[in-house]
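Down below is the structure, laid out as structure tokens.
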Amino acid sequence: MPSQNNDQRIIAQTKKWVETVIIAHNYCPFAKREVERDSVRYRVIHETEFNSLLNEVFNECIYLDQNTDTETTLIIFPRNLENFNQFLDCLVLAEELLVQQGYEGKYQIASFHPDYTFQGAEVNDAANYTNRSPYPVFHLIREASVQRAVEHHPDPESIPERNVEFAREHGLDTMQALLQQCHVVDEPGD
């Protein structure tokens, strides 16, 4: 049975990734504001069956519906979806679930995984680290918020390209080290 301390460690590692990789290197120029507002929810899900995982994604949509002060949720899967292809299969099902449950246009899912590899990319391409995370993660995002943020950004289309350039410029060793440092956190209660 998963322990509360272990979940706190997993959340601490994920928060460290958000702060020291995503925000520090400006991968997502919209993330800093939400972290500072403390409007990011972190959920650790230990379910292993796809149907149970999908139910948790749906439950999180309901939570966001009922808690408008929470801007976004990172759903973390520490004990499942380690296989990247299974992760992608589950992602497709989760996106279909959003459509079936009437959430298309309201929420979208961004995906992150320790072994993320863009289609057509080599496994060791540093650019893959723009979507690599300490654990498999579905990032449930409010589409209206994304639209508002994009409207106020001078060049939103350049964000992914800039991220890829950054990763490749810094190289595989640096990108691996950035991700690895996220696994080192103080123990809960320290």
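Numbering starts fresh at 1 for the residues of each chain in the structure tokens, the chains themselves are lettered A, B, ... in the order given, and ligands are numbered from 1 as they appear.
Summary of the local environment: counting only C-alpha atoms, residues at most 8 Å from range 38-48 of chain A, other than itself and those fewer than 2 positions away along its chain, are Pro2, Asp7, Ile10, Ile11, Glu34, Val35, Glu36, Phe50, Ser52, Leu53, Glu56, Asp69, Thr70, Glu71, Thr72, Thr73, Leu74, Ile75, Ile76, Phe77, Pro78, Arg79, Asn80 and Leu81 of chain A.
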Limited to C-alpha atoms, could you put the picked residues into a file as a PDB file, in the first residue's frame?
ATOM      1  CA  PRO A   2       1.408   3.419  -0.928  1.00  0.00           C
ATOM      2  CA  ASP A   7       3.282  10.392  -2.133  1.00  0.00           C
ATOM      3  CA  ILE A  10       6.728  12.011  -5.423  1.00  0.00           C
ATOM      4  CA  ILE A  11       4.924  15.361  -5.350  1.00  0.00           C
ATOM      5  CA  GLU A  34       0.217  29.520 -11.547  1.00  0.00           C
ATOM      6  CA  VAL A  35       2.922  28.104  -9.286  1.00  0.00           C
ATOM      7  CA  GLU A  36       3.248  31.491  -7.568  1.00  0.00           C
ATOM      8  CA  PHE A  50      -6.530   1.602 -17.592  1.00  0.00           C
ATOM      9  CA  SER A  52      -9.278   2.964 -13.113  1.00  0.00           C
ATOM     10  CA  LEU A  53      -6.730   5.439 -14.455  1.00  0.00           C
ATOM     11  CA  GLU A  56      -9.255   9.205 -12.022  1.00  0.00           C
ATOM     12  CA  ASP A  69      -9.407  28.459  -7.951  1.00  0.00           C
ATOM     13  CA  THR A  70      -7.374  25.413  -9.024  1.00  0.00           C
ATOM     14  CA  GLU A  71      -6.009  26.292 -12.443  1.00  0.00           C
ATOM     15  CA  THR A  72      -4.508  22.984 -13.468  1.00  0.00           C
ATOM     16  CA  THR A  73      -3.705  19.473 -12.261  1.00  0.00           C
ATOM     17  CA  LEU A  74      -0.646  17.325 -12.727  1.00  0.00           C
ATOM     18  CA  ILE A  75      -1.805  13.705 -12.463  1.00  0.00           C
ATOM     19  CA  ILE A  76       1.255  11.645 -11.543  1.00  0.00           C
ATOM     20  CA  PHE A  77       1.448   7.887 -12.174  1.00  0.00           C
ATOM     21  CA  PRO A  78       4.455   6.580 -10.191  1.00  0.00           C
ATOM     22  CA  ARG A  79       3.557   2.871 -10.270  1.00  0.00           C
ATOM     23  CA  ASN A  80       2.152   2.454 -13.728  1.00  0.00           C
ATOM     24  CA  LEU A  81       2.531   3.537 -17.335  1.00  0.00           C
TER      25      LEU A  81
END
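The residues of range 16-110 of chain A that DSSP classifies as strand (DSSP E), using the backbone of this structure, are Val40, Arg41, Tyr42, Arg43, Val44, Thr72, Thr73, Leu74, Ile75, Ile76, Tyr107, Gln108, Ile109 and Ala110 of chain A.
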Please, could you write that set of residues out with C-alpha atoms as an mmCIF file, in the first residue's frame?
data_model
loop_
_atom_site.group_PDB
_atom_site.id
_atom_site.type_symbol
_atom_site.label_atom_id
_atom_site.label_comp_id
_atom_site.auth_asym_id
_atom_site.auth_seq_id
_atom_site.Cartn_x
_atom_site.Cartn_y
_atom_site.Cartn_z
ATOM 1 C CA VAL A 40 -1.482 23.884 -9.377
ATOM 2 C CA ARG A 41 -2.863 20.658 -7.968
ATOM 3 C CA TYR A 42 -0.686 17.538 -7.783
ATOM 4 C CA ARG A 43 -2.414 14.133 -7.669
ATOM 5 C CA VAL A 44 -0.583 10.857 -7.211
ATOM 6 C CA THR A 72 -4.508 22.984 -13.468
ATOM 7 C CA THR A 73 -3.705 19.473 -12.261
ATOM 8 C CA LEU A 74 -0.646 17.325 -12.727
ATOM 9 C CA ILE A 75 -1.805 13.705 -12.463
ATOM 10 C CA ILE A 76 1.255 11.645 -11.543
ATOM 11 C CA TYR A 107 -9.845 20.643 -20.810
ATOM 12 C CA GLN A 108 -6.845 19.301 -22.686
ATOM 13 C CA ILE A 109 -4.070 16.947 -21.651
ATOM 14 C CA ALA A 110 -0.377 17.663 -22.059
#
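Straight-line separation from CA of Asn83 in chain A to CA of Asn128 in chain A: 15.6 Å.
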**Asked** Of the candidates A:Leu140, A:Ala31, A:Ala149, A:Leu179, which shows the shortest atom-to-atom distance to Ala94 in chain A, using only C-alpha atoms?
**Response** A:Leu140
**Asked** Can you list, as a PyMOL selection string, every protein, DNA or RNA residue that comes within 9 Å of Lys32 in chain A when you count only C-alpha atoms, leaving out same-chain residues fewer than 6 positions away?
**Response** chain A and resi 18-19+22-24+26
